[in-house]
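Below is the file run38.pdb, which contains PDB, C-alpha atoms.
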```pdb
ATOM      1  CA  MET A 411      11.122  -4.572   3.930  1.00  0.00           C
ATOM      2  CA  GLU A 412       9.488  -2.859   0.985  1.00  0.00           C
ATOM      3  CA  TYR A 413       6.165  -1.069   1.452  1.00  0.00           C
ATOM      4  CA  ARG A 414       3.573  -0.964  -1.322  1.00  0.00           C
ATOM      5  CA  TYR A 415       0.054   0.335  -1.915  1.00  0.00           C
ATOM      6  CA  GLY A 416      -2.495  -1.581  -3.968  1.00  0.00           C
ATOM      7  CA  ALA A 417      -6.168  -1.792  -4.802  1.00  0.00           C
ATOM      8  CA  HIS A 418      -8.935  -3.905  -3.315  1.00  0.00           C
ATOM      9  CA  ASP A 419     -12.670  -3.462  -2.773  1.00  0.00           C
ATOM     10  CA  PHE A 420     -12.679  -2.728   0.963  1.00  0.00           C
ATOM     11  CA  PRO A 421     -12.450   0.536   2.965  1.00  0.00           C
ATOM     12  CA  ILE A 422      -9.357  -0.619   4.846  1.00  0.00           C
ATOM     13  CA  SER A 423      -5.682  -0.022   4.198  1.00  0.00           C
ATOM     14  CA  GLY A 424      -4.198  -1.122   0.893  1.00  0.00           C
ATOM     15  CA  VAL A 425      -0.639  -0.769   2.204  1.00  0.00           C
ATOM     16  CA  PHE A 426       1.372  -3.963   2.499  1.00  0.00           C
ATOM     17  CA  GLU A 427       4.951  -5.093   2.887  1.00  0.00           C
ATOM     18  CA  VAL A 428       7.002  -7.573   0.905  1.00  0.00           C
ATOM     19  CA  GLU A 429      10.616  -8.608   0.619  1.00  0.00           C
ATOM     20  CA  PRO A 430      12.468  -5.950  -1.399  1.00  0.00           C
ATOM     21  CA  LYS A 431      12.409  -6.402  -5.165  1.00  0.00           C
ATOM     22  CA  SER A 432       9.964  -9.322  -4.991  1.00  0.00           C
ATOM     23  CA  CYS A 433       6.402  -7.924  -5.086  1.00  0.00           C
ATOM     24  CA  PRO A 434       4.072 -10.589  -6.520  1.00  0.00           C
ATOM     25  CA  GLY A 435       2.768  -9.694  -9.965  1.00  0.00           C
ATOM     26  CA  PHE A 436       5.493  -7.127 -10.702  1.00  0.00           C
ATOM     27  CA  ILE A 437       8.902  -7.291 -12.341  1.00  0.00           C
ATOM     28  CA  TYR A 438      11.711  -5.468 -10.546  1.00  0.00           C
ATOM     29  CA  ARG A 439      13.542  -3.070 -12.898  1.00  0.00           C
ATOM     30  CA  CYS A 440      15.794  -0.820 -10.790  1.00  0.00           C
ATOM     31  CA  SER A 441      16.147   0.911  -7.433  1.00  0.00           C
ATOM     32  CA  VAL A 442      15.895   4.692  -7.149  1.00  0.00           C
ATOM     33  CA  PRO A 443      17.628   6.072  -4.043  1.00  0.00           C
ATOM     34  CA  LEU A 444      15.363   8.600  -2.322  1.00  0.00           C
ATOM     35  CA  GLY A 445      17.523   9.543   0.661  1.00  0.00           C
ATOM     36  CA  HIS A 446      18.273   8.340   4.162  1.00  0.00           C
ATOM     37  CA  ILE A 447      16.513   8.827   7.475  1.00  0.00           C
ATOM     38  CA  LYS A 448      17.482   8.268  11.082  1.00  0.00           C
ATOM     39  CA  MET A 449      14.408   7.032  12.875  1.00  0.00           C
ATOM     40  CA  PRO A 450      13.995   4.286  15.482  1.00  0.00           C
ATOM     41  CA  PRO A 451      12.160   1.231  14.062  1.00  0.00           C
ATOM     42  CA  SER A 452       9.234   1.674  16.461  1.00  0.00           C
ATOM     43  CA  GLU A 453       8.795   5.301  15.400  1.00  0.00           C
ATOM     44  CA  PHE A 454       8.961   4.321  11.717  1.00  0.00           C
ATOM     45  CA  GLN A 455       6.366   1.593  12.318  1.00  0.00           C
ATOM     46  CA  ALA A 456       4.012   4.115  13.939  1.00  0.00           C
ATOM     47  CA  PHE A 457       4.635   6.579  11.101  1.00  0.00           C
ATOM     48  CA  LEU A 458       3.860   3.937   8.473  1.00  0.00           C
ATOM     49  CA  GLU A 459       0.699   2.761  10.216  1.00  0.00           C
ATOM     50  CA  ASN A 460      -0.526   6.360  10.407  1.00  0.00           C
ATOM     51  CA  VAL A 461       0.130   7.013   6.711  1.00  0.00           C
ATOM     52  CA  ALA A 462      -1.399   3.640   5.749  1.00  0.00           C
ATOM     53  CA  SER A 463      -4.715   4.788   7.220  1.00  0.00           C
ATOM     54  CA  GLU A 464      -4.855   7.396   4.422  1.00  0.00           C
ATOM     55  CA  TYR A 465      -4.397   4.802   1.666  1.00  0.00           C
ATOM     56  CA  HIS A 466      -7.408   2.494   1.631  1.00  0.00           C
ATOM     57  CA  GLY A 467      -7.550  -0.174  -1.041  1.00  0.00           C
ATOM     58  CA  ASP A 468     -10.918   1.027  -2.317  1.00  0.00           C
ATOM     59  CA  THR A 469      -9.524   4.534  -2.960  1.00  0.00           C
ATOM     60  CA  TYR A 470      -6.698   3.373  -5.219  1.00  0.00           C
ATOM     61  CA  HIS A 471      -6.882   5.038  -8.628  1.00  0.00           C
ATOM     62  CA  LEU A 472      -4.576   4.212 -11.502  1.00  0.00           C
ATOM     63  CA  PHE A 473      -4.053   7.871 -12.443  1.00  0.00           C
ATOM     64  CA  SER A 474      -4.591   9.956  -9.310  1.00  0.00           C
ATOM     65  CA  LYS A 475      -3.757   7.743  -6.280  1.00  0.00           C
ATOM     66  CA  ASN A 476      -1.533   4.839  -7.227  1.00  0.00           C
ATOM     67  CA  CYS A 477       1.513   3.124  -5.715  1.00  0.00           C
ATOM     68  CA  ASN A 478       3.819   5.845  -7.063  1.00  0.00           C
ATOM     69  CA  HIS A 479       1.732   8.563  -5.402  1.00  0.00           C
ATOM     70  CA  PHE A 480       2.062   6.597  -2.152  1.00  0.00           C
ATOM     71  CA  THR A 481       5.849   6.364  -2.558  1.00  0.00           C
ATOM     72  CA  ASP A 482       6.113  10.071  -3.361  1.00  0.00           C
ATOM     73  CA  ASP A 483       4.044  10.965  -0.284  1.00  0.00           C
ATOM     74  CA  ILE A 484       6.206   8.786   1.983  1.00  0.00           C
ATOM     75  CA  ALA A 485       9.431  10.198   0.501  1.00  0.00           C
ATOM     76  CA  GLN A 486       8.176  13.790   0.895  1.00  0.00           C
ATOM     77  CA  ARG A 487       7.234  13.217   4.533  1.00  0.00           C
ATOM     78  CA  LEU A 488      10.478  11.472   5.442  1.00  0.00           C
ATOM     79  CA  THR A 489      13.124  13.237   3.341  1.00  0.00           C
ATOM     80  CA  ARG A 490      11.384  16.403   2.070  1.00  0.00           C
ATOM     81  CA  LYS A 491      12.187  15.190  -1.473  1.00  0.00           C
ATOM     82  CA  GLY A 492       9.820  13.382  -3.804  1.00  0.00           C
ATOM     83  CA  ILE A 493      10.289  10.683  -6.390  1.00  0.00           C
ATOM     84  CA  PRO A 494      11.769  11.616  -9.794  1.00  0.00           C
ATOM     85  CA  GLY A 495       9.172  13.082 -12.177  1.00  0.00           C
ATOM     86  CA  TRP A 496       9.591  10.330 -14.760  1.00  0.00           C
ATOM     87  CA  VAL A 497       8.421   7.626 -12.348  1.00  0.00           C
ATOM     88  CA  ASN A 498       4.742   8.626 -12.450  1.00  0.00           C
ATOM     89  CA  ARG A 499       4.722  10.526 -15.753  1.00  0.00           C
ATOM     90  CA  LEU A 500       2.376   8.095 -17.507  1.00  0.00           C
ATOM     91  CA  ALA A 501      -0.270   8.493 -14.765  1.00  0.00           C
ATOM     92  CA  ARG A 502      -0.063  12.300 -15.049  1.00  0.00           C
ATOM     93  CA  VAL A 503      -0.452  12.169 -18.833  1.00  0.00           C
ATOM     94  CA  CYS A 504      -3.388   9.750 -18.570  1.00  0.00           C
ATOM     95  CA  ALA A 505      -5.080  11.920 -15.924  1.00  0.00           C
ATOM     96  CA  PHE A 506      -4.680  14.961 -18.167  1.00  0.00           C
ATOM     97  CA  CYS A 507      -6.066  13.111 -21.201  1.00  0.00           C
ATOM     98  CA  SER A 508      -8.550  10.870 -19.401  1.00  0.00           C
ATOM     99  CA  CYS A 509     -11.465  11.969 -21.592  1.00  0.00           C
ATOM    100  CA  LEU A 510      -9.655  10.379 -24.559  1.00  0.00           C
ATOM    101  CA  LEU A 511      -9.165   7.028 -22.861  1.00  0.00           C
ATOM    102  CA  PRO A 512     -11.547   4.057 -23.069  1.00  0.00           C
ATOM    103  CA  GLU A 513     -14.328   4.144 -20.475  1.00  0.00           C
ATOM    104  CA  SER A 514     -12.899   1.043 -18.785  1.00  0.00           C
ATOM    105  CA  LEU A 515      -9.822   3.090 -17.831  1.00  0.00           C
ATOM    106  CA  GLN A 516     -11.833   6.065 -16.610  1.00  0.00           C
ATOM    107  CA  VAL A 517     -13.378   4.259 -13.626  1.00  0.00           C
ATOM    108  CA  THR A 518     -12.657   5.847 -10.273  1.00  0.00           C
ATOM    109  CA  THR A 519     -10.808   2.885  -8.796  1.00  0.00           C
ATOM    110  CA  VAL A 520      -9.275  -0.393  -9.814  1.00  0.00           C
ATOM    111  CA  LYS A 521     -11.452  -3.258  -8.600  1.00  0.00           C
ATOM    112  CA  GLN A 522      -9.991  -6.587  -7.611  1.00  0.00           C
ATOM    113  CA  LEU A 523     -10.417  -9.108  -4.821  1.00  0.00           C
ATOM    114  CA  PRO A 524      -7.313  -9.212  -2.611  1.00  0.00           C
ATOM    115  CA  GLU A 525      -5.970 -12.108  -0.661  1.00  0.00           C
ATOM    116  CA  TYR A 526      -5.724 -11.373   3.050  1.00  0.00           C
ATOM    117  CA  HIS A 527      -3.423 -13.104   5.475  1.00  0.00           C
ATOM    118  CA  HIS A 528      -5.164 -13.850   8.720  1.00  0.00           C
ATOM    119  CA  CYS A 529      -2.974 -13.844  11.779  1.00  0.00           C
ATOM    120  CA  THR A 530      -3.268 -15.519  15.105  1.00  0.00           C
ATOM    121  CA  GLU A 531      -4.330 -13.269  17.951  1.00  0.00           C
ATOM    122  CA  GLU A 532      -1.825 -14.800  20.362  1.00  0.00           C
ATOM    123  CA  GLY A 533       1.885 -15.329  20.199  1.00  0.00           C
ATOM    124  CA  SER A 534       4.145 -13.767  17.611  1.00  0.00           C
ATOM    125  CA  GLY A 535       1.438 -12.774  15.169  1.00  0.00           C
ATOM    126  CA  SER A 536       2.568 -15.299  12.589  1.00  0.00           C
ATOM    127  CA  MET A 537       0.374 -15.813   9.591  1.00  0.00           C
ATOM    128  CA  SER A 538      -1.707 -18.751   8.604  1.00  0.00           C
ATOM    129  CA  SER A 539      -3.393 -19.568   5.329  1.00  0.00           C
ATOM    130  CA  THR A 540      -4.334 -17.021   2.720  1.00  0.00           C
ATOM    131  CA  THR A 541      -8.073 -16.547   2.444  1.00  0.00           C
ATOM    132  CA  PRO A 542     -10.386 -13.924   1.001  1.00  0.00           C
ATOM    133  CA  HIS A 543     -11.549 -11.380   3.566  1.00  0.00           C
ATOM    134  CA  GLU A 544     -15.209 -10.538   3.914  1.00  0.00           C
ATOM    135  CA  PRO A 545     -15.741  -7.016   5.263  1.00  0.00           C
ATOM    136  CA  THR A 546     -17.579  -6.718   8.557  1.00  0.00           C
ATOM    137  CA  GLU A 547     -18.995  -3.840  10.538  1.00  0.00           C
ATOM    138  CA  SER A 548     -15.688  -3.711  12.406  1.00  0.00           C
ATOM    139  CA  ASP A 549     -13.836  -2.870   9.137  1.00  0.00           C
ATOM    140  CA  ASP A 550     -14.119   0.892   9.478  1.00  0.00           C
ATOM    141  CA  GLY A 551     -11.649   3.751   9.501  1.00  0.00           C
ATOM    142  CA  ASP A 552     -11.886   4.397  13.256  1.00  0.00           C
ATOM    143  CA  GLN A 553      -9.636   1.518  14.230  1.00  0.00           C
ATOM    144  CA  ASP A 554      -5.906   1.334  14.920  1.00  0.00           C
ATOM    145  CA  LYS A 555      -3.672  -0.018  12.179  1.00  0.00           C
ATOM    146  CA  HIS A 556      -1.127  -2.775  12.804  1.00  0.00           C
ATOM    147  CA  LEU A 557       1.399  -4.036  10.290  1.00  0.00           C
ATOM    148  CA  LEU A 558       1.582  -7.798   9.969  1.00  0.00           C
ATOM    149  CA  SER A 559       5.062  -9.053   9.186  1.00  0.00           C
ATOM    150  CA  PRO A 560       5.567 -12.257   7.197  1.00  0.00           C
ATOM    151  CA  PRO A 561       7.899 -14.916   8.579  1.00  0.00           C
ATOM    152  CA  VAL A 562      11.605 -14.147   8.076  1.00  0.00           C
ATOM    153  CA  GLY A 563      12.793 -15.362   4.682  1.00  0.00           C
ATOM    154  CA  SER A 564       9.237 -15.596   3.390  1.00  0.00           C
ATOM    155  CA  ARG A 565       8.136 -14.096   0.069  1.00  0.00           C
ATOM    156  CA  GLU A 566       4.593 -13.617   1.351  1.00  0.00           C
ATOM    157  CA  VAL A 567       2.775 -10.306   1.388  1.00  0.00           C
ATOM    158  CA  ALA A 568       1.756  -8.789   4.727  1.00  0.00           C
ATOM    159  CA  PHE A 569      -1.193  -6.381   4.810  1.00  0.00           C
ATOM    160  CA  ILE A 570      -2.023  -3.701   7.309  1.00  0.00           C
ATOM    161  CA  ARG A 571      -4.526  -5.154   9.750  1.00  0.00           C
ATOM    162  CA  GLU A 572      -7.162  -3.124  11.545  1.00  0.00           C
ATOM    163  CA  ALA A 573      -7.338  -3.953  15.257  1.00  0.00           C
ATOM    164  CA  GLN A 574     -10.235  -3.304  17.603  1.00  0.00           C
ATOM    165  CA  ARG A 575      -9.688  -0.462  20.096  1.00  0.00           C
TER     166      ARG A 575
END
```
Can I see the file as structure tokens?
Amino acid sequence: MEYRYGAHDFPISGVFEVEPKSCPGFIYRCSVPLGHIKMPPSEFQAFLENVASEYHGDTYHLFSKNCNHFTDDIAQRLTRKGIPGWVNRLARVCAFCSCLLPESLQVTTVKQLPEYHHCTEEGSGSMSSTTPHEPTESDDGDQDKHLLSPPVGSREVAFIREAQR
């Protein structure tokens, strides 16, 4: 699976998974090898859920906390090496020159309404229809994170879900 970070208006994780090279709304250009790790899948899952709690959708920022920052953070934590400097160069330049950019690009976060995949509470955790998510009082940062996996062979996006303790 491929793990991504994106923006939405809610104070819950913006990390999601998709089939490699098939993220909706993006065109795949090339792969950049970042190293190898030896970690049991369950340990990696726990690691990813922990990191995802630091990347809420409402804290996404095009210049200072974007998907490339997320990838660099993950690579640093897992391999002690970051992404190549050219990958996020445009964001660094824009952050440095932000006072010269139009006001619409200087906002603190990107605002958009995400689509959330609701899952069943019983069984395998398979997903049902895609519907907008309305935040509730239970959508706070003090909950455990659980990754929802799309059905095998699916091109759907799976978001991190916050489960009640």
message = Which residues, named as in the file, does the PyMOL selection byres ((chain A and resi 411) around 6) pick out? Answer as a PyMOL selection string.
response = chain A and resi 412+428-430
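Using the PyMOL selection byres ((chain A and resi 464-468) around 9) on this structure selects Tyr415, Gly416, Ala417, His418, Asp419, Phe420, Pro421, Ile422, Ser423, Gly424, Val425, Asn460, Val461, Ala462, Ser463, Thr469, Tyr470, His471, Lys475, Phe480, Thr519, Val520 and Lys521 of chain A.
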Export C-alpha atoms of the chosen residues as a PDB file, in the coordinates of the input?
```
ATOM      1  CA  TYR A 415       0.054   0.335  -1.915  1.00  0.00           C
ATOM      2  CA  GLY A 416      -2.495  -1.581  -3.968  1.00  0.00           C
ATOM      3  CA  ALA A 417      -6.168  -1.792  -4.802  1.00  0.00           C
ATOM      4  CA  HIS A 418      -8.935  -3.905  -3.315  1.00  0.00           C
ATOM      5  CA  ASP A 419     -12.670  -3.462  -2.773  1.00  0.00           C
ATOM      6  CA  PHE A 420     -12.679  -2.728   0.963  1.00  0.00           C
ATOM      7  CA  PRO A 421     -12.450   0.536   2.965  1.00  0.00           C
ATOM      8  CA  ILE A 422      -9.357  -0.619   4.846  1.00  0.00           C
ATOM      9  CA  SER A 423      -5.682  -0.022   4.198  1.00  0.00           C
ATOM     10  CA  GLY A 424      -4.198  -1.122   0.893  1.00  0.00           C
ATOM     11  CA  VAL A 425      -0.639  -0.769   2.204  1.00  0.00           C
ATOM     12  CA  ASN A 460      -0.526   6.360  10.407  1.00  0.00           C
ATOM     13  CA  VAL A 461       0.130   7.013   6.711  1.00  0.00           C
ATOM     14  CA  ALA A 462      -1.399   3.640   5.749  1.00  0.00           C
ATOM     15  CA  SER A 463      -4.715   4.788   7.220  1.00  0.00           C
ATOM     16  CA  THR A 469      -9.524   4.534  -2.960  1.00  0.00           C
ATOM     17  CA  TYR A 470      -6.698   3.373  -5.219  1.00  0.00           C
ATOM     18  CA  HIS A 471      -6.882   5.038  -8.628  1.00  0.00           C
ATOM     19  CA  LYS A 475      -3.757   7.743  -6.280  1.00  0.00           C
ATOM     20  CA  PHE A 480       2.062   6.597  -2.152  1.00  0.00           C
ATOM     21  CA  THR A 519     -10.808   2.885  -8.796  1.00  0.00           C
ATOM     22  CA  VAL A 520      -9.275  -0.393  -9.814  1.00  0.00           C
ATOM     23  CA  LYS A 521     -11.452  -3.258  -8.600  1.00  0.00           C
TER      24      LYS A 521
END
```
message = Residues within 12 Å of Pro443 in chain A, please, as a list of chain:residue names. Count only C-alpha atoms; anything in the same chain fewer than 6 positions from it doesn't count.
response =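 With the cut-off at 12 Å, the set is A:Thr481, A:Ala485, A:Thr489, A:Lys491, A:Gly492, A:Ile493, A:Pro494.
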request  = Work out how far CA of Arg414 in chain A is from CA of Asn478 in chain A, in Å to one decimal.
outcome  =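 Pair CA of Asn478 in chain A / CA of Arg414 in chain A returns 8.9 Å.
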inquiry  = Quick check, in Å to one decimal: how far apart do CA of Ala501 in chain A and CA of Ser474 in chain A lie?
reply    =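 Those two atoms sit 7.1 Å apart.
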